[in-house]
Each structure stands twice: as structure tokens, then as C-alpha cells.
Amino acid sequence: MTGRSRFEDLYHFLLPVILGVGAVLIAAMVFLGNGAAEAVQAGYVLWIASIPTTAFFLLPLPLAWANRRGKKVSAAFIGNGVADEYSMASVLTFADTEVYPSNLVNVTGFKNFGDYRIDLVITDLAMIFGYLGGPLEKVFRHSVDGNVPDPKSIRVIENASDGICVAMDGRYFYIGKRGYLRRREIKTFTDQGDEGYENSVGSVMYVAIDRVPVAKLYIRYRVNPRFEQLLKDLHRAGICLGIKTMDPNITTDMVLSGVRFKKCPIAVLKQDDPAEVVPESEHDSSGIVCNSSLHNFLQMFSLCDKVRHTTRCNALVTMISVLLSFLAVSFLAVTGEIGSYGVLQATMFQLCCQVPVWLLSLFMI
């Protein structure tokens, strides 16, 4: 994000216009026979009265009032262009842990095949999901009491909609649903009740090492209770939701089956790199930061339109004040009354123009 608002160009546009109009006024008064001193005074008064000091508060005031509200929910706007950038957004993406917190994900059953020990399977999964992230990272880490060895080498080979292939320490792990392994010509074992389990917002996750099936796990996923309200807020804002994940069990159908409110479009976005799920940035020039909940983030997001509309109104006030100053000073110059007006009157005019900008910023945010 650039952090720059298009309204910042208003000042750069008006300043040369004001200087040019002042110069034209001076030249016109000299041409009409007025004294040089009187002509210069008229131009000087026009410059003082017309310089758009309201433009200095055009953006900061709405943002300041918005951040004052954001302080109550541990959120804030960063950068002058944040309202422009976010008000045009049509899709918001969140990490899978916002939908399925790790404390609401449980392994409810386990079945191993062959002679590969259960504890080794859990340790391998803890290492793999420690790299992939997501809700299963903490689930498997707690299963081994937090003692997760670091793999010597690990990388994602493939991330499909219903499964993932990971190369770790010279072995290939195929993890996912039954259909994913069958498409790779890996034998799977189905038990009675598997289909019913998956239809009840759970997932049967198969694990194969070097194309040899070693285990399947029954994992229960429960949706964050606040997610339902989040969908309603997004729907009211006209925003679609994207869920970024590398969890082979999380699919769009599974998410939709776990929520009652289905009017908000949802899509699960499979990522190729764990860093893409929860991207980190050391610095950014624009954005919304929130140190609390997604609901509070959306409250700040909803303020973007208000900030943008208020800024637009402030820009209109600035244009009107400049136009009024042109007309007033030109009228005084034509009538010969310009000599009775000076810097004090021009300053008072500037202060009067500030009032609507402050009031608009206060009551529209």
C-alpha cells in the first residue's frame, strides 16, 4: 500500500492557482490605473485569505477522530490513504485459525496401518504442521508435549483442494482426504461411519509415507462462535471472505456446513507457502492495525467509507472557501475598499473556514 491519498493533491493544485489569480489581480489593478502599493496589497490580501489552510486538516482530522474511536477497541488507521484503499476493497482474507481456533479442533480418533508406530506418526505430523501452521499446529504440538524436533529439510510439493504432499527429510508425506490419496493411486481403507463423520463437520485425514498408507485420523473442527457475526458484518459491508490455509482438511464445503448464515460468499484459498497464510511485514505505510478481534477490525473497516466521505466534504469546503475569498477580495478591489482590509481580516476569514471542517470531522465519523 502506498499510504498516499488522492486528496493530498488538492493543495498542490490550489496553491499555484491562488498565486496565479493574485498575480492577475495585481496586474489588472495596475492596468486599470490603481497605484502599485494598492495593487500589491490587494494581491497580498487575496493570497492570505485564499491559501487553503483547511487543506492541512482535510485528511488528519477525519483520521484523528476515527483513531479516537479505534483506541477503544485497540485498533487504528495508519497512513493518509487507508480510507481510499480499503473503501474500494471487495474481498477480505483471513487465516484459517480465525475460523477454526486450535482450542476448537480435536483429534477424536486414530487408526494406523501396518507396523508404523502411532507415536512416530504423531511426531511426523507435529513436525509437518509446525511448518505448515494452521489450527493443527498446536493440536499436534500439544500431543507431543511441545517437544517437536526440527526437520532437517522440508518443503511443500503440492497443495490441492483436499490434500497436500510434503517432502521432509528424504520422505514424501501424502496427507489429506480419501479422494486425494486415491487420485495418487494410494490405497485407502474406509470404515463404516466415515462418511457420516465428515458430514458432521469433521474430517477423516489419511496419512501415507512414500505412497504407503500408515494412518488415518478423525479430526473434529468447530467454527469460532464469533465467526457467524463476522459473516453478517461482511455481508452488510458488501465484502466477500477468503480463508487462507494449508490445512488439507479445510474446504469451502466444510466451512459452509458449519455456519448458519450463508449469504456472505466464502472461498477457501489454498496457499503454496506457509508465509502467505499469515504474512508478516516489518513496516508498512498504510493499513488497519488491530490488536483485538476481527469484529473490532471490521468496525474500523466500516469507518473507511465515513472517513472518505468526510474528507470529500472537507475538500468541498476548501474549494468553496477559496472561491469565496476570490470573489470577496476582487469585489473589494473593484470598489476601492481593499485598503481597509488587511492581514487581520484575512486571518479571521481563514479561521471561519476552519469551523465547518472541524464540525464535519467531529459529527460525520
# chains A, B, ... in the order shown; residues from 1 in each chain; ligands from 1

$ residues_around --residues "A:Thr97" --least-positions-apart "3" --cutoff "7 Å" --atoms "only C-alpha atoms" --output "number ranges by chain"
A: 100-102, 134-135

$ residues_around --residues "A:Lys71" --least-positions-apart "4" --cutoff "12 Å" --atoms "only C-alpha atoms" --output "MDAnalysis selection string"
chainID A and resid 63:67 75:77 289:292 296:297 299:300

$ closest_residue --among "A:Pro274, A:Pro225, A:Gly109, A:Gly133" --to "A:Ser203" --atoms "only C-alpha atoms"
A:Gly109

$ select_by_dssp --residues "stretch 73-169 of chain A" --states "strand (DSSP E)" --output "number ranges by chain"
A: 75-78, 91-95, 105-112, 154-160, 163-168

$ closest_residue --among "A:Gly22, A:Pro248, A:Pro16, A:Gly287" --to "A:Leu136" --atoms "only C-alpha atoms"
A:Pro248

$ residues_around --residues "A:Leu351" --least-positions-apart "5" --cutoff "10 Å" --atoms "only C-alpha atoms" --output "PyMOL selection string"
chain A and resi 49+53-54+345-346+356

$ residues_around --residues "stretch 32-37 of chain A" --least-positions-apart "6" --cutoff "10 Å" --atoms "only C-alpha atoms" --output "ChimeraX atom specification"
/A:26,43,333-334,336,339

$ write_last_selection --atoms "C-alpha atoms" --output "PDB file, in the first residue's frame"
ATOM      1  CA  ILE A  26      -2.223  42.848  -9.218  1.00  0.00           C
ATOM      2  CA  GLY A  43      -2.826  40.620  -4.167  1.00  0.00           C
ATOM      3  CA  ALA A 333     -10.522  45.750  -5.068  1.00  0.00           C
ATOM      4  CA  VAL A 334     -13.083  46.885  -7.666  1.00  0.00           C
ATOM      5  CA  GLY A 336     -11.799  50.594  -3.796  1.00  0.00           C
ATOM      6  CA  GLY A 339      -7.313  49.460   1.723  1.00  0.00           C
TER       7      GLY A 339
END

$ atom_distance --atom1 "atom CA of A:Val212" --atom2 "atom CA of A:Arg141"
24.1 Å

$ closest_atom_pairs --of "stretch 185-298 of chain A" --to "stretch 168-172 of chain A" --cutoff "10 Å" --atoms "only C-alpha atoms" --output "CSV"
residue,atom,partner,partner_atom,distance
A:Ala208,CA,A:Tyr172,CA,8.2
A:Ile209,CA,A:Tyr172,CA,5.7
A:Asp210,CA,A:Tyr172,CA,5.0
A:Arg211,CA,A:Tyr172,CA,7.7
A:Val212,CA,A:Tyr172,CA,9.9

$ atom_distance --atom1 "atom CA of A:Leu25" --atom2 "atom CA of A:Ala42"
7.4 Å

$ closest_atom_pairs --of "stretch 57-169 of chain A" --to "stretch 174-186 of chain A" --cutoff "9 Å" --atoms "only C-alpha atoms" --output "Markdown table"
| residue | atom | partner | partner_atom | distance |
| --- | --- | --- | --- | --- |
| A:Ala160 | CA | A:Tyr180 | CA | 8.0 |
| A:Ser161 | CA | A:Tyr180 | CA | 8.5 |
| A:Asp162 | CA | A:Lys177 | CA | 5.7 |
| A:Gly163 | CA | A:Gly176 | CA | 3.8 |
| A:Ile164 | CA | A:Ile175 | CA | 5.4 |
| A:Cys165 | CA | A:Tyr174 | CA | 4.6 |
| A:Val166 | CA | A:Tyr174 | CA | 6.7 |
| A:Ala167 | CA | A:Tyr174 | CA | 9.0 |

$ atom_distance --atom1 "atom CA of A:Ser321" --atom2 "atom CA of A:Phe57"
13.8 Å

$ closest_residue --among "A:Met29, A:Ala95, A:Ile250, A:Ile118" --to "A:Val277" --atoms "only C-alpha atoms"
A:Ala95

$ closest_atom_pairs --of "stretch 240-320 of chain A" --to "stretch 216-223 of chain A" --cutoff "12 Å" --atoms "only C-alpha atoms" --output "JSON lines"
{"residue": "A:Asp247", "atom": "CA", "partner": "A:Tyr221", "partner_atom": "CA", "distance": 11.6}
{"residue": "A:Pro248", "atom": "CA", "partner": "A:Ile219", "partner_atom": "CA", "distance": 11.6}
{"residue": "A:Asn249", "atom": "CA", "partner": "A:Ile219", "partner_atom": "CA", "distance": 8.7}
{"residue": "A:Ile250", "atom": "CA", "partner": "A:Tyr221", "partner_atom": "CA", "distance": 8.8}
{"residue": "A:Thr251", "atom": "CA", "partner": "A:Tyr221", "partner_atom": "CA", "distance": 11.4}
{"residue": "A:Met254", "atom": "CA", "partner": "A:Tyr221", "partner_atom": "CA", "distance": 8.9}
{"residue": "A:Val255", "atom": "CA", "partner": "A:Val223", "partner_atom": "CA", "distance": 7.8}
{"residue": "A:Leu256", "atom": "CA", "partner": "A:Val223", "partner_atom": "CA", "distance": 10.0}
{"residue": "A:Ser257", "atom": "CA", "partner": "A:Val223", "partner_atom": "CA", "distance": 9.9}
{"residue": "A:Gly258", "atom": "CA", "partner": "A:Val223", "partner_atom": "CA", "distance": 6.4}
{"residue": "A:Val259", "atom": "CA", "partner": "A:Val223", "partner_atom": "CA", "distance": 7.5}
{"residue": "A:Arg260", "atom": "CA", "partner": "A:Val223", "partner_atom": "CA", "distance": 10.9}

$ write_last_selection --atoms "C-alpha atoms" --output "PDB file, in the first residue's frame"
ATOM      1  CA  ASP A 247      -4.671 -27.452   6.128  1.00  0.00           C
ATOM      2  CA  PRO A 248      -5.715 -30.324   3.811  1.00  0.00           C
ATOM      3  CA  ASN A 249      -8.947 -30.850   5.753  1.00  0.00           C
ATOM      4  CA  ILE A 250     -10.357 -27.337   5.447  1.00  0.00           C
ATOM      5  CA  THR A 251     -12.551 -26.902   2.382  1.00  0.00           C
ATOM      6  CA  MET A 254     -16.757 -27.852   5.318  1.00  0.00           C
ATOM      7  CA  VAL A 255     -16.830 -24.182   6.308  1.00  0.00           C
ATOM      8  CA  LEU A 256     -20.299 -23.670   4.813  1.00  0.00           C
ATOM      9  CA  SER A 257     -21.638 -26.746   6.589  1.00  0.00           C
ATOM     10  CA  GLY A 258     -20.568 -25.303   9.928  1.00  0.00           C
ATOM     11  CA  VAL A 259     -22.325 -21.917   9.648  1.00  0.00           C
ATOM     12  CA  ARG A 260     -25.991 -20.924   9.539  1.00  0.00           C
TER      13      ARG A 260
END

$ decode --residues "stretch 292-304 of chain A" --atoms "N, CA and C atoms" --output "PDB file, in the first residue's frame"
ATOM      1  N   SER A 292      -7.022  -6.739  18.718  1.00  0.00           N
ATOM      2  CA  SER A 292      -8.075  -7.395  19.485  1.00  0.00           C
ATOM      3  C   SER A 292      -8.740  -8.469  18.632  1.00  0.00           C
ATOM      4  N   SER A 293      -9.960  -8.221  18.152  1.00  0.00           N
ATOM      5  CA  SER A 293     -10.708  -9.250  17.436  1.00  0.00           C
ATOM      6  C   SER A 293     -11.012  -8.819  16.005  1.00  0.00           C
ATOM      7  N   LEU A 294     -11.427  -9.794  15.190  1.00  0.00           N
ATOM      8  CA  LEU A 294     -11.820  -9.479  13.823  1.00  0.00           C
ATOM      9  C   LEU A 294     -13.060  -8.590  13.790  1.00  0.00           C
ATOM     10  N   HIS A 295     -13.942  -8.761  14.760  1.00  0.00           N
ATOM     11  CA  HIS A 295     -15.127  -7.915  14.828  1.00  0.00           C
ATOM     12  C   HIS A 295     -14.725  -6.452  14.992  1.00  0.00           C
ATOM     13  N   ASN A 296     -13.726  -6.202  15.848  1.00  0.00           N
ATOM     14  CA  ASN A 296     -13.249  -4.836  16.027  1.00  0.00           C
ATOM     15  C   ASN A 296     -12.534  -4.330  14.788  1.00  0.00           C
ATOM     16  N   PHE A 297     -11.823  -5.233  14.109  1.00  0.00           N
ATOM     17  CA  PHE A 297     -11.186  -4.850  12.846  1.00  0.00           C
ATOM     18  C   PHE A 297     -12.247  -4.388  11.843  1.00  0.00           C
ATOM     19  N   LEU A 298     -13.357  -5.115  11.776  1.00  0.00           N
ATOM     20  CA  LEU A 298     -14.417  -4.745  10.834  1.00  0.00           C
ATOM     21  C   LEU A 298     -15.090  -3.435  11.234  1.00  0.00           C
ATOM     22  N   GLN A 299     -15.128  -3.139  12.514  1.00  0.00           N
ATOM     23  CA  GLN A 299     -15.648  -1.843  12.936  1.00  0.00           C
ATOM     24  C   GLN A 299     -14.795  -0.723  12.360  1.00  0.00           C
ATOM     25  N   MET A 300     -13.482  -0.905  12.396  1.00  0.00           N
ATOM     26  CA  MET A 300     -12.600   0.098  11.799  1.00  0.00           C
ATOM     27  C   MET A 300     -12.744   0.105  10.283  1.00  0.00           C
ATOM     28  N   PHE A 301     -12.904  -1.080   9.714  1.00  0.00           N
ATOM     29  CA  PHE A 301     -13.073  -1.169   8.267  1.00  0.00           C
ATOM     30  C   PHE A 301     -14.319  -0.401   7.816  1.00  0.00           C
ATOM     31  N   SER A 302     -15.398  -0.489   8.604  1.00  0.00           N
ATOM     32  CA  SER A 302     -16.635   0.200   8.249  1.00  0.00           C
ATOM     33  C   SER A 302     -16.483   1.716   8.334  1.00  0.00           C
ATOM     34  N   LEU A 303     -15.487   2.197   9.079  1.00  0.00           N
ATOM     35  CA  LEU A 303     -15.253   3.635   9.178  1.00  0.00           C
ATOM     36  C   LEU A 303     -14.585   4.213   7.934  1.00  0.00           C
ATOM     37  N   CYS A 304     -14.025   3.340   7.081  1.00  0.00           N
ATOM     38  CA  CYS A 304     -13.307   3.828   5.902  1.00  0.00           C
ATOM     39  C   CYS A 304     -14.212   4.666   5.007  1.00  0.00           C
TER      40      CYS A 304
END
